[in-house]
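Novice: This one is work_33.txt, compact mmCIF, C-alpha atoms.
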```txt
# COMPACT_ATOMS: atom_id res chain seq x y z
CA MET T 298 -8.56 12.91 -61.01
CA LYS T 299 -5.25 14.28 -59.73
CA LEU T 300 -7.08 15.97 -56.85
CA LYS T 301 -8.70 12.68 -55.84
CA LEU T 302 -5.34 10.90 -55.90
CA PHE T 303 -3.83 13.66 -53.76
CA PHE T 304 -6.53 13.29 -51.09
CA PHE T 305 -6.25 9.48 -51.22
CA PHE T 306 -2.49 9.47 -50.64
CA SER T 307 -2.87 12.17 -47.95
CA PHE T 308 -5.38 9.95 -46.15
CA ILE T 309 -3.04 6.93 -46.35
CA PHE T 310 -0.18 9.03 -44.94
CA PHE T 311 -2.37 10.32 -42.09
CA VAL T 312 -3.49 6.82 -41.09
CA HIS T 313 0.08 5.55 -41.22
CA THR T 314 1.51 8.35 -39.09
CA HIS T 315 -1.30 8.23 -36.50
CA ALA T 316 -1.67 4.45 -36.31
CA GLN T 317 -1.67 3.19 -32.74
CA SER T 318 1.31 0.98 -31.83
CA TYR T 319 1.30 -1.54 -29.02
CA ILE T 320 4.15 -2.73 -26.85
CA PHE T 321 4.07 -6.36 -25.82
CA GLY T 322 6.25 -7.96 -23.20
CA LYS T 323 6.72 -10.34 -20.31
CA ILE T 324 7.61 -9.60 -16.68
CA THR T 325 9.54 -12.04 -14.49
CA SER T 326 11.20 -11.93 -11.10
CA GLU T 327 14.96 -12.17 -10.66
CA ASN T 328 14.63 -15.95 -10.21
CA GLY T 329 12.66 -16.30 -13.44
CA ALA T 330 9.14 -16.61 -11.98
CA GLU T 331 6.32 -15.11 -14.08
CA MET T 332 4.83 -12.09 -12.29
CA GLU T 333 1.09 -11.37 -12.19
CA ASP T 334 -0.65 -8.05 -11.40
CA VAL T 335 2.31 -5.77 -12.09
CA ASN T 336 1.21 -2.20 -12.85
CA VAL T 337 2.50 -1.08 -16.25
CA ILE T 338 2.10 2.69 -16.75
CA ASN T 339 2.69 4.76 -19.87
CA ILE T 340 3.72 8.15 -18.47
CA ARG T 341 2.81 10.02 -21.67
CA THR T 342 -0.75 8.66 -22.00
CA ASP T 343 -1.49 7.82 -18.30
CA GLU T 344 -2.68 4.38 -19.49
CA ILE T 345 -2.36 1.65 -16.85
CA VAL T 346 -2.54 -2.10 -17.46
CA LEU T 347 -1.87 -5.17 -15.30
CA SER T 348 0.23 -8.16 -16.32
CA ASN T 349 -1.66 -11.47 -16.50
CA ARG T 350 -0.85 -14.62 -14.54
CA ASP T 351 1.77 -15.60 -17.15
CA GLY T 352 3.50 -12.21 -16.71
CA HIS T 353 2.47 -10.93 -20.15
CA PHE T 354 1.29 -7.36 -20.77
CA MET T 355 0.14 -5.22 -23.71
CA ILE T 356 -0.04 -1.41 -23.65
CA SER T 357 -0.42 1.24 -26.33
CA GLY T 358 2.61 3.40 -26.95
CA ARG T 359 5.29 4.50 -29.36
CA GLN T 360 9.03 4.92 -29.57
CA GLY T 361 10.37 7.27 -26.92
CA ASP T 362 7.54 6.66 -24.40
CA GLU T 363 8.50 6.00 -20.78
CA LEU T 364 7.01 2.87 -19.21
CA ARG T 365 7.06 2.23 -15.47
CA PHE T 366 6.64 -1.15 -13.82
CA ILE T 367 5.36 -1.12 -10.23
CA LYS T 368 4.55 -3.94 -7.80
CA ALA T 369 4.47 -3.91 -4.01
CA GLY T 370 7.60 -5.45 -2.51
CA TYR T 371 9.68 -4.94 -5.66
CA GLU T 372 11.92 -2.10 -6.84
CA ARG T 373 10.23 0.19 -9.36
CA LEU T 374 11.61 -0.03 -12.89
CA MET T 375 11.55 2.54 -15.70
CA ARG T 376 12.13 1.60 -19.35
CA LYS T 377 12.16 3.81 -22.48
CA VAL T 378 10.46 2.32 -25.53
CA SER T 379 12.84 1.79 -28.44
CA GLN T 380 12.07 0.86 -32.04
CA GLU T 381 13.18 -2.67 -31.20
CA ASN T 382 10.55 -2.89 -28.42
CA ILE T 383 7.79 -2.08 -30.94
CA GLN T 384 8.98 -4.81 -33.31
CA SER T 385 9.69 -7.51 -30.72
CA PRO T 386 8.54 -8.31 -27.12
CA MET T 387 10.02 -6.37 -24.19
CA ASN T 388 11.44 -8.57 -21.43
CA ILE T 389 11.32 -7.04 -17.93
CA THR T 390 12.90 -8.36 -14.73
CA LEU T 391 11.83 -6.97 -11.32
CA VAL T 392 14.08 -7.23 -8.26
CA ARG T 393 12.79 -7.59 -4.70
CA GLN T 394 13.30 -4.63 -2.40
CA THR T 395 15.97 -5.03 0.25
CA ILE T 396 14.39 -5.39 3.70
CA GLN T 397 16.09 -3.25 6.31
CA ILE T 398 16.53 -5.25 9.52
CA PRO T 399 16.22 -2.95 12.55
CA GLU T 400 19.11 -2.76 14.94
CA VAL T 401 18.83 -5.02 17.98
CA GLU T 402 19.88 -3.58 21.29
CA VAL T 403 22.22 -5.97 23.08
CA LYS T 404 21.90 -5.58 26.81
CA GLN T 405 24.98 -5.91 28.93
CA GLY T 406 25.29 -9.23 30.75
CA LEU T 407 26.98 -10.07 34.03
CA THR T 408 30.58 -8.89 34.15
CA GLY T 409 31.68 -10.86 37.20
CA ASN T 410 32.50 -7.62 38.98
CA LEU T 411 30.15 -7.44 42.01
CA LYS T 412 30.38 -3.66 42.26
CA ILE T 413 29.40 -3.11 38.61
CA ASP T 414 26.76 -5.87 38.49
CA SER T 415 25.06 -4.59 41.65
CA LYS T 416 24.58 -1.17 40.02
CA LEU T 417 23.19 -2.73 36.85
CA TYR T 418 20.78 -5.21 38.37
CA ASN T 419 19.96 -4.02 41.91
CA LYS T 420 16.98 -1.67 41.90
CA PRO T 421 17.37 1.57 43.89
CA LYS T 422 15.84 1.41 47.36
CA LYS T 423 13.23 4.08 46.51
CA VAL T 424 12.04 2.02 43.53
CA GLU T 425 11.86 -1.17 45.59
CA LYS T 426 9.85 0.64 48.32
CA LEU T 427 7.43 2.10 45.74
CA LEU T 428 6.82 -1.34 44.17
CA LYS T 429 6.28 -2.86 47.60
CA ASP T 430 3.76 -0.16 48.58
CA MET T 431 1.88 -0.66 45.30
CA ASP T 432 1.67 -4.41 45.88
CA GLN T 433 0.26 -3.86 49.35
CA TYR T 434 -2.28 -1.34 48.04
CA MET T 435 -3.44 -3.68 45.27
CA ALA T 436 -3.80 -6.55 47.77
CA LYS T 437 -6.18 -4.59 50.01
CA LYS T 438 -9.89 -5.17 49.58
CA SER T 439 -11.96 -2.14 48.68
CA ASP T 440 -14.58 -0.89 51.09
CA PRO T 441 -17.98 -2.14 49.83
CA ARG T 442 -19.49 1.26 50.67
CA ILE T 443 -17.21 2.89 48.06
CA LEU T 444 -18.26 0.46 45.33
CA ALA T 445 -21.98 0.54 46.22
CA ALA T 446 -24.30 2.14 43.67
CA LYS T 447 -25.51 5.66 44.38
CA PRO T 448 -29.28 6.32 44.62
CA GLY T 449 -30.85 6.23 41.16
CA GLU T 450 -27.73 4.83 39.51
CA PHE T 451 -28.19 1.95 37.04
CA VAL T 452 -26.59 -1.32 38.16
CA GLN T 453 -25.79 -4.16 35.72
CA PRO T 454 -27.61 -7.28 36.98
CA LYS T 455 -25.42 -10.22 38.01
CA GLY T 456 -25.67 -13.63 36.40
CA GLN T 457 -23.87 -15.92 34.00
CA GLY T 458 -23.43 -12.82 31.93
CA PHE T 459 -23.50 -12.04 28.24
CA PHE T 460 -21.24 -10.13 25.89
CA ILE T 461 -22.08 -6.54 25.00
CA GLY T 462 -20.44 -4.92 21.98
CA LYS T 463 -17.83 -6.40 19.73
CA VAL T 464 -14.15 -7.27 19.99
CA LYS T 465 -12.04 -4.27 19.04
CA ASP T 466 -10.20 -4.59 15.73
CA LYS T 467 -6.41 -4.58 15.88
CA TRP T 468 -6.30 -1.89 13.13
CA ASP T 469 -8.48 1.01 12.07
CA ASP T 470 -8.63 2.75 8.69
CA VAL T 471 -5.81 5.11 9.68
CA ASP T 472 -3.47 2.17 10.38
CA LEU T 473 -4.40 0.53 7.07
CA MET T 474 -4.00 3.79 5.16
CA LYS T 475 -0.49 4.31 6.59
CA TYR T 476 0.49 0.70 5.78
CA ILE T 477 -0.75 0.92 2.17
CA ARG T 478 1.02 4.26 1.59
CA ALA T 479 4.27 2.95 3.06
CA SER T 480 4.09 -0.32 1.10
CA LEU T 481 3.20 1.14 -2.30
CA GLY T 482 5.19 4.36 -1.89
CA ASP T 483 4.21 7.89 -2.85
CA ASP T 484 5.50 7.33 -6.40
CA TYR T 485 2.70 4.85 -7.03
CA PHE T 486 0.08 7.53 -6.34
CA THR T 487 1.90 10.44 -8.00
CA ASN T 488 2.21 8.31 -11.14
CA LEU T 489 -1.60 8.15 -11.05
CA LYS T 490 -1.60 11.98 -11.00
CA ILE T 491 -2.58 12.13 -7.30
CA GLU T 492 -0.77 15.02 -5.62
CA LYS T 493 1.17 14.13 -2.46
CA PRO T 494 -1.04 16.19 -0.09
CA LEU T 495 -4.09 14.31 -1.44
CA ILE T 496 -2.73 10.75 -1.18
CA ASP T 497 -4.31 10.05 2.23
CA HIS T 498 -7.60 11.55 1.05
CA PHE T 499 -7.56 9.38 -2.09
CA ILE T 500 -6.91 6.18 -0.08
CA TYR T 501 -9.92 6.99 2.14
CA TYR T 502 -11.92 7.65 -1.04
CA VAL T 503 -11.07 4.13 -2.26
CA PHE T 504 -12.07 2.70 1.14
CA ALA T 505 -15.41 4.54 0.97
CA GLY T 506 -16.01 3.14 -2.51
CA GLY T 507 -16.50 -0.35 -1.13
CA PHE T 508 -12.99 -1.78 -0.69
CA GLU T 509 -13.50 -4.86 1.53
CA ARG T 510 -11.16 -4.67 4.54
CA LYS T 511 -12.96 -6.21 7.53
CA LYS T 512 -10.50 -9.09 7.95
CA ILE T 513 -7.50 -6.79 7.47
CA LEU T 514 -8.71 -4.48 10.27
CA LYS T 515 -9.73 -7.40 12.50
CA TYR T 516 -6.35 -9.16 12.43
CA GLY T 517 -4.13 -6.12 11.75
CA PHE T 518 -2.49 -7.81 8.76
CA CYS T 519 -2.44 -6.78 5.09
CA SER T 520 -1.06 -9.43 2.72
CA ASP T 521 0.41 -9.00 -0.77
CA THR T 522 -2.89 -10.34 -2.12
CA ASP T 523 -4.75 -7.58 -0.26
CA LEU T 524 -2.36 -4.96 -1.69
CA ASN T 525 -2.90 -6.30 -5.22
CA ARG T 526 -6.67 -6.25 -4.63
CA PHE T 527 -6.40 -2.63 -3.46
CA GLN T 528 -4.44 -1.69 -6.61
CA ARG T 529 -7.09 -3.28 -8.84
CA PHE T 530 -9.81 -1.43 -6.93
CA VAL T 531 -7.90 1.85 -7.40
CA LEU T 532 -8.29 1.48 -11.16
CA THR T 533 -12.09 1.47 -10.76
CA ARG T 534 -12.08 4.65 -8.64
CA ILE T 535 -9.36 6.86 -10.14
CA SER T 536 -11.56 8.27 -12.92
CA SER T 537 -14.41 9.32 -10.61
CA TYR T 538 -11.90 10.85 -8.18
CA ARG T 539 -10.32 12.95 -10.92
CA ALA T 540 -13.68 14.10 -12.35
CA PRO T 541 -14.51 16.72 -9.67
CA GLN T 542 -10.94 18.06 -9.84
CA THR T 543 -11.25 18.44 -13.63
CA LYS T 544 -14.50 20.38 -13.26
CA ARG T 545 -12.92 22.74 -10.77
```
Could you rewrite the structure in this file as structure tokens?
Specialist:
Amino acid sequence: MKLKLFFFFSFIFFVHTHAQSYIFGKITSENGAEMEDVNVINIRTDEIVLSNRDGHFMISGRQGDELRFIKAGYERLMRKVSQENIQSPMNITLVRQTIQIPEVEVKQGLTGNLKIDSKLYNKPKKVEKLLKDMDQYMAKKSDPRILAAKPGEFVQPKGQGFFIGKVKDKWDDVDLMKYIRASLGDDYFTNLKIEKPLIDHFIYYVFAGGFERKKILKYGFCSDTDLNRFQRFVLTRISSYRAPQTKR
């Protein structure tokens, strides 16, 4: 009987000490707006969750864990879980990143001094002569014999014409990859356990997995919505990307 009681109390102690705790909370911006699709990462467990449209999140963890809050366009925030956070909701406020405005070169205007202004705005004679010669060359008509097709050479037939090929996109995958890496920052990927030398490779891996980007490449513009969509798509690809590395 005593042995049974010993095992019973041992089991209760084991369940109590290994019970999974959850941290609840709400994420808002500095002006109090509820923030959706913020990445919440538990560094100890590698678990990643997204806040809902009301800014609420729930993630497993325990006292002493380090949580990181990441969203494109906002400063990354780190918070250690305290006993109070396990007993009551954790309130998080994210601050927008400061946008660095590039320096604008101010060109010198007219000074009123003829000698100085003539040096600034009068082109050298050699430059003026070169431009004049180029204009004359461009105005000349080409000799038809030079433009005539050579024997056996294919000639496009004349007519009202039709379009061959497609309009070139403003961006390609390299441009998009660079933009995503710059916007999210290397910390976003290293927190997902992607080594820095492999970040570009991982982004291409996500592209190859079916990430829709035709409009982004066509117009050369990636919105915050597109970045959030990319981050959600990352969560569906990270496990399969890690699998081959684990096997090796």
Novice: Kindly provide, as a PyMOL selection string, the polymer residues lying within 9 Å of (-9.2, 3.5, -16.4), counting only C-alpha atoms and using the coordinates exactly as they appear in the file.
Specialist: chain T and resi 344-346+532-536
Novice: Excluding region 467-474 of chain T and residues on its chain fewer than 5 positions from it, collect all residues at most 9 Å away from it, counting only C-alpha atoms, and give them as a PyMOL selection string.
Specialist: chain T and resi 479+497+500-501+504+510+513-519
Novice: Nearest to Phe486 (chain T): which of T:Ser326, T:Gln384, T:Lys429, T:Ile367 is it, counting all atoms listed in the file?
Specialist: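 Nearest to Phe486 (chain T): T:Ile367.
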Novice: Name the residues in contact with Glu381 (chain T) at a cut-off of 9 Å, using all atoms listed in the file, excluding same-chain residues fewer than 5 positions from it; report them as a PyMOL selection string.
Specialist: chain T and resi 360+386-387
Novice: Considering all atoms listed in the file, can you say which of T:Met375, T:Val531, T:Ile383, T:Ile320 comes closest to Leu489 (chain T)?
Specialist: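 Answer, going by the shortest atom-to-atom distance: T:Val531.
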Novice: Which residue out of T:Asn525, T:Asn488, T:Ser537, T:Ser357 has the minimum interatomic distance to Arg373 (chain T) when all atoms listed in the file are used?
Specialist: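 The answer is T:Asn488, which sits nearest to Arg373 (chain T).
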Novice: Report, in Å to a single decimal, how far apart CA of Ala540 (chain T) and CA of Lys490 (chain T) are.
Specialist: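 Computing it gives 12.3 Å between the two atoms.
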Novice: Around the point (3.6, -16.3, -19.0) in the file's coordinates, collect all residues with an atom within 7 Å, using all atoms listed in the file, and return them as a ChimeraX atom specification.
Specialist: /T:323,331,350-353
Novice: Go ahead and write the selection's residues with C-alpha atoms as a compact mmCIF listing (two decimals), in the frame of the given file.
Specialist:
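Once everything was written out, this is result.txt:
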```
# COMPACT_ATOMS: atom_id res chain seq x y z
CA LYS T 323 6.72 -10.34 -20.31
CA GLU T 331 6.32 -15.11 -14.08
CA ARG T 350 -0.85 -14.62 -14.54
CA ASP T 351 1.77 -15.60 -17.15
CA GLY T 352 3.50 -12.21 -16.71
CA HIS T 353 2.47 -10.93 -20.15
```
Novice: Restricting the calculation to only C-alpha atoms, which member of T:Asp362, T:Asp432, T:Asp483, T:Glu372 is positioned closest to Thr342 (chain T)?
Specialist: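 With only C-alpha atoms as the atom set, the closest residue is T:Asp362.
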Novice: Find the distance between CA of Asp523 (chain T) and CA of Ala369 (chain T) and write it in Å to one decimal.
Specialist: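 Computing it gives 10.6 Å between the two atoms.
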Novice: Between CA of Arg359 (chain T) and CA of Glu333 (chain T), what is the spacing in Å?
Specialist: 23.8 Å
Novice: Using all atoms listed in the file, which of the listed residues (T:Arg341, T:Tyr434, T:Tyr319, T:Tyr476) sits closest to Asp521 (chain T)?
Specialist: T:Tyr476
Novice: Set up a box along x, y and z of the file covering all listed atoms of region 489-495 of chain T, add 8 Å on every one of the six sides, and write the centre and edge lengths in Å to one decimal, as JSON.
Specialist:
```
{"center_x": -1.5, "center_y": 12.2, "center_z": -5.6, "size_x": 21.3, "size_y": 24.0, "size_z": 27.0}
```
Novice: Measuring between all atoms listed in the file, which one of T:Asp466, T:Ile496, T:Ser480, T:Glu425 shows the shortest distance to Lys511 (chain T)?
Specialist: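 For Lys511 (chain T), the nearest of the candidates is T:Asp466.
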Novice: For Ile389 (chain T), list every protein, DNA or RNA residue within 8 Å, evaluated using all atoms listed in the file, and leave out those in the same chain fewer than 3 positions away; present the list as an MDAnalysis selection string.
Specialist: chainID T and resid 322:325
Novice: Write a file for region 484-519 of chain T, containing N, CA and C atoms (output as an mmCIF file, in the first residue's frame).
Specialist:
```cif
data_model
loop_
_atom_site.group_PDB
_atom_site.id
_atom_site.type_symbol
_atom_site.label_atom_id
_atom_site.label_comp_id
_atom_site.auth_asym_id
_atom_site.auth_seq_id
_atom_site.Cartn_x
_atom_site.Cartn_y
_atom_site.Cartn_z
ATOM 1 N N ASP T 484 18.568 39.122 -38.651
ATOM 2 C CA ASP T 484 18.150 38.539 -37.367
ATOM 3 C C ASP T 484 16.892 37.693 -37.526
ATOM 4 N N TYR T 485 16.001 38.126 -38.418
ATOM 5 C CA TYR T 485 14.765 37.366 -38.619
ATOM 6 C C TYR T 485 15.086 35.929 -39.046
ATOM 7 N N PHE T 486 16.064 35.780 -39.939
ATOM 8 C CA PHE T 486 16.385 34.451 -40.465
ATOM 9 C C PHE T 486 17.262 33.662 -39.481
ATOM 10 N N THR T 487 18.206 34.346 -38.817
ATOM 11 C CA THR T 487 19.041 33.619 -37.860
ATOM 12 C C THR T 487 18.217 33.136 -36.674
ATOM 13 N N ASN T 488 17.156 33.881 -36.318
ATOM 14 C CA ASN T 488 16.253 33.414 -35.260
ATOM 15 C C ASN T 488 15.500 32.155 -35.676
ATOM 16 N N LEU T 489 15.391 31.941 -36.983
ATOM 17 C CA LEU T 489 14.771 30.713 -37.496
ATOM 18 C C LEU T 489 15.812 29.606 -37.678
ATOM 19 N N LYS T 490 17.028 29.846 -37.152
ATOM 20 C CA LYS T 490 18.127 28.886 -37.250
ATOM 21 C C LYS T 490 18.640 28.721 -38.691
ATOM 22 N N ILE T 491 18.528 29.794 -39.486
ATOM 23 C CA ILE T 491 19.118 29.806 -40.829
ATOM 24 C C ILE T 491 20.444 30.561 -40.735
ATOM 25 N N GLU T 492 21.549 29.893 -41.054
ATOM 26 C CA GLU T 492 22.850 30.540 -40.967
ATOM 27 C C GLU T 492 22.957 31.664 -42.000
ATOM 28 N N LYS T 493 23.726 32.704 -41.666
ATOM 29 C CA LYS T 493 23.818 33.879 -42.543
ATOM 30 C C LYS T 493 24.210 33.538 -43.981
ATOM 31 N N PRO T 494 25.224 32.657 -44.191
ATOM 32 C CA PRO T 494 25.597 32.348 -45.583
ATOM 33 C C PRO T 494 24.486 31.647 -46.372
ATOM 34 N N LEU T 495 23.476 31.110 -45.668
ATOM 35 C CA LEU T 495 22.407 30.357 -46.339
ATOM 36 C C LEU T 495 21.119 31.157 -46.469
ATOM 37 N N ILE T 496 21.120 32.427 -46.029
ATOM 38 C CA ILE T 496 19.876 33.204 -46.051
ATOM 39 C C ILE T 496 19.356 33.377 -47.473
ATOM 40 N N ASP T 497 20.245 33.785 -48.405
ATOM 41 C CA ASP T 497 19.811 33.965 -49.797
ATOM 42 C C ASP T 497 19.270 32.652 -50.357
ATOM 43 N N HIS T 498 19.979 31.564 -50.081
ATOM 44 C CA HIS T 498 19.543 30.246 -50.577
ATOM 45 C C HIS T 498 18.168 29.885 -50.020
ATOM 46 N N PHE T 499 17.925 30.191 -48.740
ATOM 47 C CA PHE T 499 16.634 29.865 -48.132
ATOM 48 C C PHE T 499 15.506 30.682 -48.763
ATOM 49 N N ILE T 500 15.765 31.974 -49.040
ATOM 50 C CA ILE T 500 14.734 32.821 -49.661
ATOM 51 C C ILE T 500 14.361 32.266 -51.033
ATOM 52 N N TYR T 501 15.382 31.845 -51.833
ATOM 53 C CA TYR T 501 15.088 31.233 -53.123
ATOM 54 C C TYR T 501 14.308 29.929 -52.944
ATOM 55 N N TYR T 502 14.613 29.204 -51.881
ATOM 56 C CA TYR T 502 13.894 27.945 -51.585
ATOM 57 C C TYR T 502 12.411 28.229 -51.334
ATOM 58 N N VAL T 503 12.121 29.319 -50.620
ATOM 59 C CA VAL T 503 10.731 29.710 -50.374
ATOM 60 C C VAL T 503 10.050 30.110 -51.685
ATOM 61 N N PHE T 504 10.790 30.867 -52.528
ATOM 62 C CA PHE T 504 10.236 31.237 -53.838
ATOM 63 C C PHE T 504 9.858 29.983 -54.623
ATOM 64 N N ALA T 505 10.791 29.018 -54.656
ATOM 65 C CA ALA T 505 10.576 27.798 -55.443
ATOM 66 C C ALA T 505 9.424 26.963 -54.900
ATOM 67 N N GLY T 506 9.079 27.178 -53.641
ATOM 68 C CA GLY T 506 7.998 26.403 -53.029
ATOM 69 C C GLY T 506 6.622 26.877 -53.409
ATOM 70 N N GLY T 507 6.533 27.926 -54.227
ATOM 71 C CA GLY T 507 5.224 28.364 -54.704
ATOM 72 C C GLY T 507 4.802 29.734 -54.202
ATOM 73 N N PHE T 508 5.750 30.537 -53.647
ATOM 74 C CA PHE T 508 5.390 31.872 -53.187
ATOM 75 C C PHE T 508 5.001 32.744 -54.387
ATOM 76 N N GLU T 509 3.764 33.238 -54.407
ATOM 77 C CA GLU T 509 3.248 34.007 -55.537
ATOM 78 C C GLU T 509 3.869 35.404 -55.523
ATOM 79 N N ARG T 510 4.530 35.784 -56.633
ATOM 80 C CA ARG T 510 5.246 37.054 -56.673
ATOM 81 C C ARG T 510 5.189 37.728 -58.040
ATOM 82 N N LYS T 511 4.283 37.295 -58.913
ATOM 83 C CA LYS T 511 4.239 37.848 -60.266
ATOM 84 C C LYS T 511 4.017 39.359 -60.260
ATOM 85 N N LYS T 512 3.048 39.823 -59.466
ATOM 86 C CA LYS T 512 2.753 41.261 -59.440
ATOM 87 C C LYS T 512 3.904 42.052 -58.825
ATOM 88 N N ILE T 513 4.552 41.469 -57.813
ATOM 89 C CA ILE T 513 5.685 42.157 -57.182
ATOM 90 C C ILE T 513 6.792 42.386 -58.203
ATOM 91 N N LEU T 514 7.119 41.337 -58.981
ATOM 92 C CA LEU T 514 8.181 41.451 -59.988
ATOM 93 C C LEU T 514 7.761 42.383 -61.121
ATOM 94 N N LYS T 515 6.485 42.329 -61.492
ATOM 95 C CA LYS T 515 6.002 43.134 -62.617
ATOM 96 C C LYS T 515 6.130 44.627 -62.320
ATOM 97 N N TYR T 516 5.685 45.039 -61.120
ATOM 98 C CA TYR T 516 5.663 46.464 -60.787
ATOM 99 C C TYR T 516 6.886 46.912 -59.985
ATOM 100 N N GLY T 517 7.720 45.952 -59.529
ATOM 101 C CA GLY T 517 8.893 46.324 -58.750
ATOM 102 C C GLY T 517 8.537 46.947 -57.416
ATOM 103 N N PHE T 518 7.492 46.411 -56.764
ATOM 104 C CA PHE T 518 7.034 46.966 -55.487
ATOM 105 C C PHE T 518 6.580 45.838 -54.590
ATOM 106 N N CYS T 519 7.105 45.805 -53.359
ATOM 107 C CA CYS T 519 6.739 44.793 -52.364
ATOM 108 C C CYS T 519 6.134 45.510 -51.164
#
```
